[in-house]
Every structure is written in structure tokens, then in C-alpha cells.
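Here's work38.txt, which has compact mmCIF, C-alpha atoms and all ligand atoms:
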```
# COMPACT_ATOMS: atom_id res chain seq x y z
CA MET A 103 78.83 96.88 -30.56
CA GLY A 104 77.92 93.18 -30.10
CA ARG A 105 77.15 93.71 -26.40
CA ASP A 106 74.89 96.66 -27.23
CA LYS A 107 72.97 94.49 -29.70
CA VAL A 108 72.66 91.76 -27.05
CA ARG A 109 71.18 94.28 -24.60
CA LYS A 110 68.72 95.81 -27.08
CA LYS A 111 67.52 92.45 -28.42
CA GLY A 112 67.26 91.17 -24.83
CA ILE A 113 64.83 93.98 -23.98
CA LEU A 114 62.80 93.13 -27.09
CA ARG A 115 62.66 89.50 -25.99
CA HIS A 116 61.38 90.46 -22.54
CA TRP A 117 58.61 92.54 -24.10
CA PHE A 118 57.65 89.57 -26.25
CA GLN A 119 57.62 87.29 -23.16
CA ALA A 120 55.40 89.77 -21.28
CA ALA A 121 53.02 90.16 -24.23
CA PHE A 122 52.76 86.39 -24.64
CA PHE A 123 51.96 86.05 -20.94
CA ALA A 124 49.29 88.77 -21.19
CA VAL A 125 47.63 87.14 -24.21
CA THR A 126 47.58 83.60 -22.79
CA ASN A 127 46.54 84.80 -19.31
CA GLY A 128 44.03 87.41 -20.37
CA TYR A 129 41.22 86.57 -17.91
CA ALA A 130 41.97 89.64 -15.79
CA VAL A 131 38.83 89.49 -13.59
CA GLY A 132 40.06 86.14 -12.27
CA PHE A 133 42.87 87.94 -10.42
CA LEU A 134 40.44 90.40 -8.85
CA GLN A 135 37.80 87.88 -7.86
CA GLY A 136 40.07 84.98 -6.85
CA LYS A 137 38.62 82.54 -9.37
CA ILE A 138 39.78 80.86 -12.57
CA TYR A 139 38.60 80.89 -16.19
CA GLN A 140 36.26 78.00 -17.03
CA GLY A 141 35.91 78.28 -20.82
CA SER A 142 36.49 75.50 -23.34
CA THR A 143 39.89 76.87 -24.51
CA LYS A 144 41.26 75.21 -21.38
CA ALA A 145 41.11 71.88 -23.19
CA LEU A 146 44.05 73.19 -25.26
CA CYS A 147 47.64 73.32 -24.03
CA VAL A 148 49.77 76.46 -24.05
CA PRO A 149 53.48 75.93 -24.80
CA GLY A 150 55.05 77.08 -21.51
CA LEU A 151 54.90 76.09 -17.84
CA ASN A 152 51.72 78.11 -17.27
CA CYS A 153 49.58 76.77 -14.42
CA TYR A 154 45.92 76.23 -15.34
CA SER A 155 45.03 77.42 -11.88
CA CYS A 156 46.52 80.83 -12.62
CA PRO A 157 43.43 83.08 -12.39
CA GLY A 158 44.16 84.56 -15.82
CA ALA A 159 45.02 81.33 -17.68
CA LEU A 160 43.04 80.71 -20.86
CA GLY A 161 44.75 77.37 -21.64
CA SER A 162 46.34 74.43 -19.85
CA CYS A 163 49.90 73.77 -18.76
CA PRO A 164 51.16 70.74 -20.74
CA ILE A 165 52.86 69.20 -17.69
CA GLY A 166 49.70 69.61 -15.59
CA ALA A 167 47.54 68.25 -18.42
CA LEU A 168 49.84 65.25 -18.89
CA GLN A 169 49.56 64.34 -15.20
CA ALA A 170 45.78 64.94 -15.23
CA VAL A 171 45.36 62.33 -17.96
CA LEU A 172 47.88 59.87 -16.50
CA ASP A 173 46.45 60.00 -12.98
CA SER A 174 42.86 59.61 -14.16
CA ARG A 175 41.05 56.28 -14.02
CA SER A 176 40.43 56.13 -17.77
CA PHE A 177 43.90 56.42 -19.33
CA THR A 178 47.39 55.03 -18.97
CA VAL A 179 48.99 57.14 -21.73
CA SER A 180 48.07 60.51 -23.16
CA ALA A 181 48.27 60.68 -26.96
CA TYR A 182 46.60 64.10 -26.83
CA VAL A 183 49.09 65.87 -24.56
CA MET A 184 52.04 64.05 -26.14
CA GLY A 185 50.76 65.43 -29.46
CA PHE A 186 50.90 68.98 -28.10
CA LEU A 187 54.37 68.47 -26.64
CA MET A 188 55.67 66.98 -29.86
CA GLY A 189 54.01 69.65 -32.00
CA PHE A 190 55.41 72.55 -29.96
CA GLY A 191 58.78 70.82 -29.77
CA ALA A 192 58.97 70.09 -33.50
CA LEU A 193 58.13 73.69 -34.37
CA PHE A 194 60.13 75.61 -31.78
CA GLY A 195 62.20 73.37 -29.47
CA ARG A 196 63.32 75.45 -26.50
CA LEU A 197 62.56 78.74 -28.26
CA ILE A 198 59.48 78.32 -26.06
CA CYS A 199 61.67 78.55 -22.92
CA GLY A 200 63.39 81.70 -24.10
CA TRP A 201 60.34 83.49 -25.44
CA MET A 202 57.00 81.98 -24.33
CA CYS A 203 57.24 80.65 -20.78
CA PRO A 204 56.03 82.83 -17.89
CA PHE A 205 58.30 81.18 -15.33
CA GLY A 206 61.25 81.73 -17.66
CA LEU A 207 60.40 85.44 -17.73
CA VAL A 208 60.22 85.59 -13.93
CA GLN A 209 63.69 84.04 -13.63
CA ASP A 210 65.05 86.39 -16.34
CA LEU A 211 63.80 89.40 -14.39
CA LEU A 212 65.11 88.11 -11.05
CA TYR A 213 68.56 87.63 -12.58
CA LYS A 214 68.61 91.36 -13.36
CA ILE A 215 68.69 92.14 -9.61
CA PRO A 216 72.29 93.05 -8.72
CA PHE A 217 74.20 90.64 -6.46
CA VAL A 218 77.77 90.72 -5.14
CA LYS A 219 78.90 87.71 -7.12
CA LYS A 220 76.81 86.16 -9.86
CA ILE A 221 77.71 82.60 -10.82
CA LYS A 222 77.03 80.98 -14.18
CA ASN A 223 76.18 77.57 -12.78
CA LEU A 224 75.38 76.23 -9.32
CA PRO A 225 77.94 73.97 -7.61
CA GLY A 226 77.49 70.37 -8.83
CA HIS A 227 76.15 71.59 -12.19
CA ARG A 228 77.57 68.55 -14.03
CA TYR A 229 75.33 66.22 -12.01
CA LEU A 230 72.48 68.57 -11.20
CA LYS A 231 71.66 69.11 -14.88
CA HIS A 232 70.42 65.51 -15.09
CA LEU A 233 67.97 66.03 -12.23
CA ARG A 234 65.25 67.36 -14.59
CA TYR A 235 65.10 63.98 -16.36
CA VAL A 236 64.65 62.17 -13.02
CA ILE A 237 61.90 64.62 -12.07
CA LEU A 238 60.20 64.13 -15.45
CA ALA A 239 60.28 60.35 -15.20
CA LEU A 240 59.40 60.08 -11.53
CA PHE A 241 57.11 62.97 -10.62
CA VAL A 242 55.38 63.55 -13.97
CA VAL A 243 55.03 60.04 -15.38
CA ILE A 244 55.68 57.17 -12.95
CA LEU A 245 54.21 58.35 -9.62
CA PRO A 246 50.96 59.81 -11.08
CA SER A 247 50.37 56.61 -13.08
CA VAL A 248 51.39 54.04 -10.48
CA VAL A 249 50.42 55.38 -7.05
CA VAL A 250 46.63 55.22 -7.14
CA ASP A 251 43.85 55.02 -4.55
CA ILE A 252 41.18 52.30 -4.31
CA VAL A 253 39.12 53.85 -7.11
CA GLY A 254 42.17 54.03 -9.38
CA MET A 255 42.84 57.79 -9.11
CA GLY A 256 46.39 59.06 -8.77
CA LYS A 257 47.59 62.61 -8.13
CA PRO A 258 49.76 65.17 -9.94
CA TRP A 259 52.99 64.70 -7.98
CA PHE A 260 55.02 67.35 -9.77
CA CYS A 261 52.29 69.97 -9.32
CA GLU A 262 51.67 69.05 -5.72
CA TYR A 263 55.20 68.79 -4.37
CA ILE A 264 57.49 70.71 -6.72
CA CYS A 265 56.13 73.22 -9.23
CA PRO A 266 57.02 76.77 -8.08
CA SER A 267 55.29 78.19 -11.17
CA GLY A 268 51.95 76.86 -9.86
CA THR A 269 52.62 78.43 -6.45
CA LEU A 270 53.51 81.79 -7.95
CA PHE A 271 50.85 82.11 -10.65
CA GLY A 272 48.10 79.96 -9.10
CA GLY A 273 48.56 79.54 -5.35
CA ILE A 274 49.56 83.02 -4.21
CA PRO A 275 47.01 85.07 -6.23
CA LEU A 276 44.14 82.68 -5.44
CA VAL A 277 44.92 82.39 -1.75
CA ALA A 278 45.39 86.17 -1.51
CA ALA A 279 41.98 86.88 -3.05
CA ASN A 280 39.97 84.01 -1.56
CA PRO A 281 39.37 83.80 2.23
CA GLU A 282 38.08 80.20 2.02
CA LEU A 283 41.35 79.07 0.48
CA GLN A 284 43.30 81.03 3.09
CA SER A 285 41.74 78.97 5.86
CA ALA A 286 42.65 75.75 4.01
CA THR A 287 46.40 76.44 3.78
CA GLY A 288 48.76 74.28 5.83
CA GLY A 289 52.13 72.54 5.77
CA LEU A 290 52.03 71.82 2.04
CA PHE A 291 51.48 75.48 1.22
CA VAL A 292 54.42 76.44 3.44
CA TRP A 293 56.59 73.81 1.68
CA LYS A 294 55.63 75.09 -1.75
CA VAL A 295 56.14 78.75 -0.88
CA SER A 296 59.54 77.84 0.62
CA LEU A 297 60.52 76.09 -2.64
CA LEU A 298 59.43 79.18 -4.56
CA VAL A 299 61.50 81.46 -2.31
CA VAL A 300 64.59 79.24 -2.67
CA THR A 301 64.12 79.17 -6.46
CA GLY A 302 63.72 82.96 -6.48
CA VAL A 303 66.85 83.60 -4.41
CA LEU A 304 68.92 81.19 -6.54
CA SER A 305 67.62 82.94 -9.66
CA VAL A 306 69.13 86.21 -8.45
CA ILE A 307 72.53 84.55 -7.98
CA SER A 308 72.60 82.23 -11.00
CA TYR A 309 70.75 82.31 -14.34
CA ARG A 310 67.52 80.26 -14.54
CA PRO A 311 68.37 77.50 -12.04
CA PHE A 312 64.87 76.03 -12.31
CA CYS A 313 65.17 75.70 -16.11
CA LYS A 314 68.69 74.26 -15.88
CA TYR A 315 68.06 71.67 -13.19
CA VAL A 316 64.40 71.06 -12.45
CA CYS A 317 61.91 71.77 -15.23
CA PRO A 318 60.48 68.62 -16.90
CA LEU A 319 58.98 70.67 -19.72
CA GLY A 320 62.33 72.20 -20.65
CA ALA A 321 63.79 68.68 -20.52
CA ILE A 322 61.25 67.51 -23.12
CA TYR A 323 61.63 70.51 -25.43
CA GLY A 324 65.42 70.18 -25.22
CA TRP A 325 65.23 66.82 -27.00
CA PHE A 326 63.62 68.58 -29.95
CA ASN A 327 66.28 71.31 -30.31
CA PRO A 328 68.35 69.38 -32.94
CA VAL A 329 65.33 68.62 -35.15
CA ALA A 330 62.94 71.51 -34.52
CA LEU A 331 62.04 73.69 -37.48
CA TYR A 332 63.67 76.56 -35.55
CA ARG A 333 67.33 75.61 -35.14
CA TYR A 334 70.76 77.19 -35.23
CA THR A 335 73.63 76.48 -37.59
CA VAL A 336 77.21 77.64 -37.33
CA ASP A 337 78.97 78.44 -40.56
CA ALA A 338 82.32 76.68 -40.09
CA GLY A 339 83.84 78.90 -42.80
CA LYS A 340 83.12 82.05 -40.80
CA CYS A 341 83.56 80.82 -37.20
CA THR A 342 87.01 81.52 -35.69
CA GLN A 343 86.19 79.73 -32.42
CA CYS A 344 86.92 82.91 -30.48
CA GLY A 345 84.60 81.78 -27.66
CA ALA A 346 82.58 85.03 -27.49
CA CYS A 347 79.35 83.04 -27.81
CA GLN A 348 80.05 80.79 -24.84
CA LYS A 349 81.18 83.77 -22.79
CA VAL A 350 77.88 85.59 -23.31
CA CYS A 351 75.74 82.43 -23.03
CA ARG A 352 74.16 82.23 -19.59
CA MET A 353 73.30 78.58 -20.19
CA ASP A 354 77.06 78.04 -20.69
CA ILE A 355 77.00 76.39 -24.12
CA LYS A 356 79.94 75.96 -26.51
CA VAL A 357 77.80 77.18 -29.39
CA TRP A 358 80.36 76.50 -32.14
CA GLU A 359 80.41 72.84 -31.12
CA LYS A 360 76.77 72.34 -30.16
CA PRO A 361 74.50 74.98 -31.69
CA ASN A 362 71.48 72.76 -30.98
CA SER A 363 72.38 71.73 -27.43
CA VAL A 364 69.48 70.46 -25.29
CA ASP A 365 70.28 73.30 -22.88
CA CYS A 366 69.90 76.16 -25.37
CA ILE A 367 66.82 78.31 -24.72
CA ARG A 368 67.24 80.29 -27.98
CA CYS A 369 67.65 83.63 -26.23
CA GLY A 370 69.76 84.68 -29.22
CA ASP A 371 72.56 86.37 -27.24
CA CYS A 372 75.25 84.27 -28.96
CA LYS A 373 73.92 85.16 -32.41
CA ASN A 374 73.89 88.82 -31.53
CA VAL A 375 77.40 88.88 -30.05
CA CYS A 376 79.20 86.81 -32.73
CA PRO A 377 81.62 89.21 -34.48
CA GLU A 378 81.67 87.07 -37.64
CA GLY A 379 77.92 86.58 -37.94
CA ALA A 380 78.57 82.84 -38.05
CA ILE A 381 75.52 81.74 -36.03
CA VAL A 382 72.21 81.82 -37.87
CA SER A 383 68.78 80.40 -37.24
CA THR A 384 66.94 78.31 -39.82
CA TRP A 385 64.30 81.04 -40.10
CA GLU A 386 66.86 83.72 -40.89
CA LYS A 387 68.46 81.37 -43.37
CA ARG A 388 65.17 80.83 -45.15
CA LYS A 389 64.53 84.59 -45.24
CA GLU A 390 67.99 85.16 -46.69
CA LYS A 391 67.43 82.49 -49.35
CA SER A 392 64.12 83.92 -50.47
CA ARG A 393 65.66 87.42 -50.56
CA LYS A 394 68.42 86.13 -52.82
CA ARG A 395 65.88 84.39 -55.04
CA GLY A 396 63.87 87.62 -55.27
CA ARG A 397 66.91 89.58 -56.48
CA MET B 35 78.28 75.66 -47.25
CA LYS B 36 76.78 72.76 -49.19
CA LYS B 37 77.26 70.59 -46.08
CA ILE B 38 75.18 73.01 -44.01
CA VAL B 39 72.37 73.03 -46.58
CA ASN B 40 72.29 69.23 -46.64
CA PHE B 41 72.19 69.09 -42.84
CA LEU B 42 69.35 71.61 -42.83
CA ASN B 43 67.31 69.58 -45.25
CA LYS B 44 67.73 66.30 -43.42
CA GLN B 45 66.91 67.84 -40.03
CA THR B 46 64.03 69.86 -41.45
CA TRP B 47 62.57 66.69 -42.85
CA LYS B 48 62.72 65.09 -39.39
CA GLY B 49 61.01 68.14 -37.87
CA VAL B 50 58.21 68.01 -40.44
CA ALA B 51 57.74 64.26 -39.83
CA LEU B 52 57.48 64.89 -36.07
CA LEU B 53 54.99 67.67 -36.69
CA GLY B 54 52.88 65.27 -38.76
CA LEU B 55 53.11 62.65 -36.02
CA SER B 56 52.08 65.20 -33.40
CA ILE B 57 48.90 66.01 -35.33
CA LEU B 58 48.15 62.30 -35.60
CA LEU B 59 48.64 61.87 -31.85
CA MET B 60 46.29 64.77 -31.11
CA ILE B 61 43.63 63.23 -33.36
CA VAL B 62 44.01 59.87 -31.57
CA GLY B 63 43.71 61.73 -28.25
CA VAL B 64 40.53 63.51 -29.37
CA VAL B 65 39.00 60.21 -30.54
CA ARG B 66 39.81 58.70 -27.10
CA GLU B 67 38.10 61.73 -25.50
CA GLU B 68 41.19 62.82 -23.61
CA PRO B 69 40.44 66.57 -23.99
CA ALA B 70 37.42 66.13 -21.68
CA THR B 71 39.75 64.90 -18.91
CA VAL B 72 42.10 67.85 -19.45
CA LEU B 73 39.20 70.32 -19.47
CA GLN B 74 37.62 68.81 -16.38
CA LYS B 75 40.88 69.26 -14.46
CA ALA B 76 41.64 72.72 -15.83
CA VAL B 77 38.30 74.41 -15.13
CA HIS B 78 38.37 73.59 -11.43
CA ILE B 79 40.93 75.09 -9.07
CA CYS B 80 43.69 72.47 -8.83
CA MET B 81 44.25 72.18 -5.07
CA GLU B 82 47.52 70.29 -5.55
CA CYS B 83 48.91 72.95 -7.92
CA ILE B 84 48.19 75.81 -5.53
CA GLY B 85 49.66 73.98 -2.54
CA ILE B 86 46.55 73.01 -0.60
CA GLY B 87 46.53 69.37 -1.63
S1 LIG A 401 62.70 75.19 -18.69
FE1 LIG A 401 60.57 75.07 -17.95
S2 LIG A 401 60.27 76.87 -16.64
FE2 LIG A 401 62.14 77.18 -17.86
S3 LIG A 401 61.43 78.34 -19.57
FE3 LIG A 401 61.43 76.18 -20.19
S4 LIG A 401 59.34 75.44 -19.77
FE4 LIG A 401 59.61 77.38 -18.68
S1 LIG A 402 73.49 79.08 -27.04
FE1 LIG A 402 72.94 81.17 -27.65
S2 LIG A 402 70.72 81.19 -27.84
FE2 LIG A 402 71.28 79.32 -26.69
S3 LIG A 402 71.09 79.92 -24.56
FE3 LIG A 402 73.24 80.27 -25.17
S4 LIG A 402 73.34 82.43 -25.84
FE4 LIG A 402 71.17 81.82 -25.74
```
Exercise: express the given structure as C-alpha cells:
Amino acid sequence: MGRDKVRKKGILRHWFQAAFFAVTNGYAVGFLQGKIYQGSTKALCVPGLNCYSCPGALGSCPIGALQAVLDSRSFTVSAYVMGFLMGFGALFGRLICGWMCPFGLVQDLLYKIPFVKKIKNLPGHRYLKHLRYVILALFVVILPSVVVDIVGMGKPWFCEYICPSGTLFGGIPLVAANPELQSATGGLFVWKVSLLVVTGVLSVISYRPFCKYVCPLGAIYGWFNPVALYRYTVDAGKCTQCGACQKVCRMDIKVWEKPNSVDCIRCGDCKNVCPEGAIVSTWEKRKEKSRKRGR
Amino acid sequence: MKKIVNFLNKQTWKGVALLGLSILLMIVGVVREEPATVLQKAVHICMECIGIG
């Protein structure tokens, strides 16, 4: 029964992810003509890791925007982008990862491809899961701010050397549709496509390796999980610590101990599988309260 | 049960405070004209992002 609910709600979540992608990347002609949207909505950040060089993108990726401000000549900090990150984080935490990020959806779909032996975590998980903080500090903040040319301009190190989301949603469609860009590709493009392929293959074997180990945006939103307006609580009176939640959780979280773990992407599988109904979100709790008041 | 409700309230309060702070930060950013830098970068194809450099 619980497993069936997990499956059905999972399908619903994927439809939501796809619809969110379609709405925030609605500039369809960009894909056909190999160009990007140039309207003023691009001054606003979208919540997920959604490259602003994706031909359909109507808004900006917060990690790209943060680097753009930090590596510019005029600024050393970005109050504006930090405001977006804090606002999204305070409202949703990593609900964004589970429901609103295009690269999260891609990894979810890849994980559905059958493989001889799926593994929950990659070898070295205990250490690897700290890598995202190093990447955030080094490639998103320090290198773009510190390594500058003679006119004081830096470059977006995370975008340039790491981000597979930019390669998939920006690089490949633009290069495919634009002969001028094709002739400009070289070693860096090969490096980035190779990283994308490795990420894709690992995503078939293990659940969301990029989110678990690499993504700086997920690292930031994770800090907000315990205080975001969307959170989980476990009713200690109902929970029998049977472990069903951790078993179903592909991020491998002991939900009864840490319902607001920095790793939780709010997919909801644990809530749906719990036989006691002990895990609830703050939103459901509020709904329940107002229903009781209405009675 | 009461413990859970108390926890919720305290954490919710923190979330609301952070939300308020985020709006303040965005206003500061707008006053410093940061959105123009974001827009300028986002409306041109980002060669680094797409792997051309
Ligand atoms: S961890 Fe990063 S890539 Fe994964 S869903 Fe969250 S924002 Fe997207
Ligand atoms: S703890 Fe629950 S909601 Fe969070 S990732 Fe695991 S199964 Fe999904």
C-alpha cells in the first residue's frame, strides 16, 4: 500500500517538475533558432540550477548570477543574488531540488533506467558529501572574486569548468543549432561533455550523484531545511522507528532522527511510505489545523 | 504534541525573519544596481557556461 502511494506520488512529482521546467523555459523558438531569450525577466533568478544560456530560459540561474556579480569589476558581494537564495531557501529549502530543478529531474529520469546493481551511495560517500561545500567556496565564490585580469574582471569558474547542467541545457542545444558555435568548440567543450556523460552514467547507477556530491546550490538550500517554512516533523508518539523511511529514502536519511537533514530533497517518499503517518510537513500541519478549527 | 507545536513556532519565526532579511537584501541589491549586471550577463550567450570559454 505504502509503496504504491510512493510510486503514484512520485509520478505526480515528475509531472510537476516537467511543468515547472516548461514554464520557466518557455522561449521555445530559442531551441529552434539556436539563440537565447533577451527579455528583462532575465534579471530575476529562478530557484533551480537552470542555465541562463538555455535557449528557453526566461530567468537566471542563481549560481550563474552570483558568479556574474562577483566576477564583475563593480562588486565584491552580491546582496541581490544572496537575497534570492535566502528568500527561496527560507520558503522552500530543498523542496526546490525535489520539485523545481531541471537537472534534478534529469537525474531522476536517468535513475529509472534499469541497471544490474543500483547502489544507494557512491564509494567514499562519507567524504564525498562534503565536496559540494568545497566547490561552493572555491569555484563559486573565491576563484571568481580573486582571480581577475588587468581590468579587474574574473570568470565564472563553476560554470566554465564544472556545471553539467549548463552543458546539457545551454551548450548542447546551442551548439547543435548554431554553426558558428560549432566551429568554436574545442578542448573545454570536450571536457564539459565528458563531465556530463560521467554524471549521466553515475546517475543511472546511483541516485542523484550530482546533487549529493557536487551541486553548490543544493548545498546552500540544504542549510535552510531546518528553518524553511516548508519543513518536516516526526510525531514521536506515532513513530515506531521501524526504519521504513530510511529504506525508501534514496538520499539515505534516518528521517526519524533528522527530518530536516541538509540532504533531504523533500521528494516525500518517506512521508508516503510511513505506516504510522508519523511524518508530516508544516504545510499539511497547517491545513489540518485550519480544518479542525473549521469543524 | 505540545513540544512539536513549540518547535514549529520557533522555527517558523526564524524562517519568517530570514524571508524578511532576503527582501531587504534584494532591495539593497537593486539600489546598488546589481540587477543590471545579472541582466547583462544573462541576455548574452555565456560562452563559459556552454563550454566554449
Ligand atoms: S542539488 Fe542542485 S542540481 Fe540537484 S536538484 Fe538541487 S539545485 Fe538542482
Ligand atoms: S527524507 Fe524523505 S523527503 Fe527527504 S529525500 Fe528522503 S525520502 Fe525524500
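Atom CA of A:Phe312 sits 8.4 Å away from atom S3 of ligand LIG 401 (chain A).
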- request: Produce as number ranges by chain the set of residues near ligand LIG 402 (chain A), where near means within 9 Å with all atoms listed in the file considered.
  value: A: 196-197, 200, 334, 347-358, 360-363, 365-375, 381
Select all residues from chain A having any atom no more than 6 Å from an atom of chain B (counting only C-alpha atoms, ignoring ligands), output as a short mmCIF file (atom, residue, chain, number, x, y, z; two decimals) with C-alpha atoms, keeping the file's coordinate frame.
```
data_model
loop_
_atom_site.label_atom_id
_atom_site.label_comp_id
_atom_site.auth_asym_id
_atom_site.auth_seq_id
_atom_site.Cartn_x
_atom_site.Cartn_y
_atom_site.Cartn_z
CA GLN A 140 36.26 78.00 -17.03
CA LYS A 144 41.26 75.21 -21.38
CA ALA A 145 41.11 71.88 -23.19
CA TYR A 154 45.92 76.23 -15.34
CA SER A 155 45.03 77.42 -11.88
CA ALA A 167 47.54 68.25 -18.42
CA ALA A 181 48.27 60.68 -26.96
CA TYR A 182 46.60 64.10 -26.83
CA GLY A 185 50.76 65.43 -29.46
CA MET A 188 55.67 66.98 -29.86
CA GLY A 189 54.01 69.65 -32.00
CA ALA A 192 58.97 70.09 -33.50
CA CYS A 261 52.29 69.97 -9.32
CA GLU A 262 51.67 69.05 -5.72
CA GLY A 268 51.95 76.86 -9.86
CA THR A 269 52.62 78.43 -6.45
CA GLY A 272 48.10 79.96 -9.10
CA GLY A 273 48.56 79.54 -5.35
CA THR A 287 46.40 76.44 3.78
CA LEU A 290 52.03 71.82 2.04
CA PHE A 291 51.48 75.48 1.22
CA VAL A 329 65.33 68.62 -35.15
CA ALA A 330 62.94 71.51 -34.52
CA LEU A 331 62.04 73.69 -37.48
#
```
field: Expected answer as a ChimeraX atom specification: residues within 9 Å of ligand LIG 401 (chain A), all atoms listed in the file
entry: /A:149-152,196-207,209,267,310-324,365,367
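Rounded to one decimal, atom CA of A:Lys220 and atom CA of A:Val300 lie 15.8 Å from each other.
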- request: Work out how far atom CA of A:Ser176 is from atom CA of A:Val250, in Å to one decimal.
  value: 12.3 Å
- request: Find, counting only C-alpha atoms, the residue in A:Glu378, A:Tyr309, A:Ile244, A:Val131 that gets nearest to A:Ala338.
  value: A:Glu378
Start from the incomplete input, build all heavy atoms for stretch 62-71 of chain B, and deliver everything as an mmCIF file, keeping the file's coordinate frame.
```cif
data_model
loop_
_atom_site.group_PDB
_atom_site.id
_atom_site.type_symbol
_atom_site.label_atom_id
_atom_site.label_comp_id
_atom_site.auth_asym_id
_atom_site.auth_seq_id
_atom_site.Cartn_x
_atom_site.Cartn_y
_atom_site.Cartn_z
ATOM 1 N N VAL B 62 44.260 61.097 -32.352
ATOM 2 C CA VAL B 62 44.010 59.870 -31.570
ATOM 3 C C VAL B 62 43.487 60.259 -30.178
ATOM 4 O O VAL B 62 42.512 59.692 -29.676
ATOM 5 C CB VAL B 62 45.306 59.018 -31.450
ATOM 6 C CG1 VAL B 62 45.118 57.868 -30.469
ATOM 7 C CG2 VAL B 62 45.718 58.487 -32.813
ATOM 8 N N GLY B 63 44.121 61.267 -29.574
ATOM 9 C CA GLY B 63 43.710 61.730 -28.250
ATOM 10 C C GLY B 63 42.271 62.227 -28.245
ATOM 11 O O GLY B 63 41.502 61.934 -27.323
ATOM 12 N N VAL B 64 41.900 62.976 -29.280
ATOM 13 C CA VAL B 64 40.530 63.510 -29.370
ATOM 14 C C VAL B 64 39.534 62.352 -29.509
ATOM 15 O O VAL B 64 38.498 62.327 -28.842
ATOM 16 C CB VAL B 64 40.416 64.515 -30.543
ATOM 17 C CG1 VAL B 64 38.957 64.885 -30.797
ATOM 18 C CG2 VAL B 64 41.223 65.765 -30.242
ATOM 19 N N VAL B 65 39.881 61.368 -30.349
ATOM 20 C CA VAL B 65 39.000 60.210 -30.540
ATOM 21 C C VAL B 65 38.816 59.456 -29.206
ATOM 22 O O VAL B 65 37.732 58.992 -28.885
ATOM 23 C CB VAL B 65 39.564 59.268 -31.643
ATOM 24 C CG1 VAL B 65 38.785 57.972 -31.723
ATOM 25 C CG2 VAL B 65 39.550 59.980 -32.985
ATOM 26 N N ARG B 66 39.902 59.390 -28.418
ATOM 27 C CA ARG B 66 39.810 58.700 -27.100
ATOM 28 C C ARG B 66 39.176 59.578 -26.015
ATOM 29 O O ARG B 66 39.121 59.206 -24.857
ATOM 30 C CB ARG B 66 41.235 58.312 -26.639
ATOM 31 C CG ARG B 66 41.777 57.110 -27.379
ATOM 32 C CD ARG B 66 43.284 56.903 -27.214
ATOM 33 N NE ARG B 66 43.932 57.437 -26.031
ATOM 34 C CZ ARG B 66 44.500 56.701 -25.067
ATOM 35 N NH1 ARG B 66 44.480 55.407 -25.131
ATOM 36 N NH2 ARG B 66 45.098 57.276 -24.056
ATOM 37 N N GLU B 67 38.768 60.773 -26.412
ATOM 38 C CA GLU B 67 38.100 61.730 -25.500
ATOM 39 C C GLU B 67 38.990 62.208 -24.349
ATOM 40 O O GLU B 67 38.509 62.494 -23.257
ATOM 41 C CB GLU B 67 36.779 61.142 -24.971
ATOM 42 C CG GLU B 67 35.798 60.892 -26.102
ATOM 43 C CD GLU B 67 34.476 60.318 -25.648
ATOM 44 O OE1 GLU B 67 34.298 60.093 -24.448
ATOM 45 O OE2 GLU B 67 33.631 60.082 -26.523
ATOM 46 N N GLU B 68 40.282 62.303 -24.629
ATOM 47 C CA GLU B 68 41.190 62.820 -23.610
ATOM 48 C C GLU B 68 40.973 64.312 -23.288
ATOM 49 O O GLU B 68 41.134 64.712 -22.137
ATOM 50 C CB GLU B 68 42.649 62.611 -24.029
ATOM 51 C CG GLU B 68 43.093 61.164 -23.982
ATOM 52 C CD GLU B 68 44.515 61.011 -24.479
ATOM 53 O OE1 GLU B 68 45.353 61.891 -24.175
ATOM 54 O OE2 GLU B 68 44.803 60.032 -25.175
ATOM 55 N N PRO B 69 40.606 65.148 -24.310
ATOM 56 C CA PRO B 69 40.440 66.570 -23.990
ATOM 57 C C PRO B 69 39.422 66.812 -22.877
ATOM 58 O O PRO B 69 39.571 67.757 -22.094
ATOM 59 C CB PRO B 69 39.963 67.193 -25.307
ATOM 60 C CG PRO B 69 40.490 66.287 -26.365
ATOM 61 C CD PRO B 69 40.465 64.914 -25.768
ATOM 62 N N ALA B 70 38.416 65.951 -22.750
ATOM 63 C CA ALA B 70 37.420 66.130 -21.680
ATOM 64 C C ALA B 70 38.081 66.005 -20.316
ATOM 65 O O ALA B 70 37.751 66.752 -19.383
ATOM 66 C CB ALA B 70 36.321 65.091 -21.838
ATOM 67 N N THR B 71 39.043 65.075 -20.193
ATOM 68 C CA THR B 71 39.750 64.900 -18.910
ATOM 69 C C THR B 71 40.598 66.137 -18.605
ATOM 70 O O THR B 71 40.637 66.624 -17.469
ATOM 71 C CB THR B 71 40.657 63.645 -18.977
ATOM 72 O OG1 THR B 71 39.850 62.532 -19.337
ATOM 73 C CG2 THR B 71 41.340 63.364 -17.669
#
```
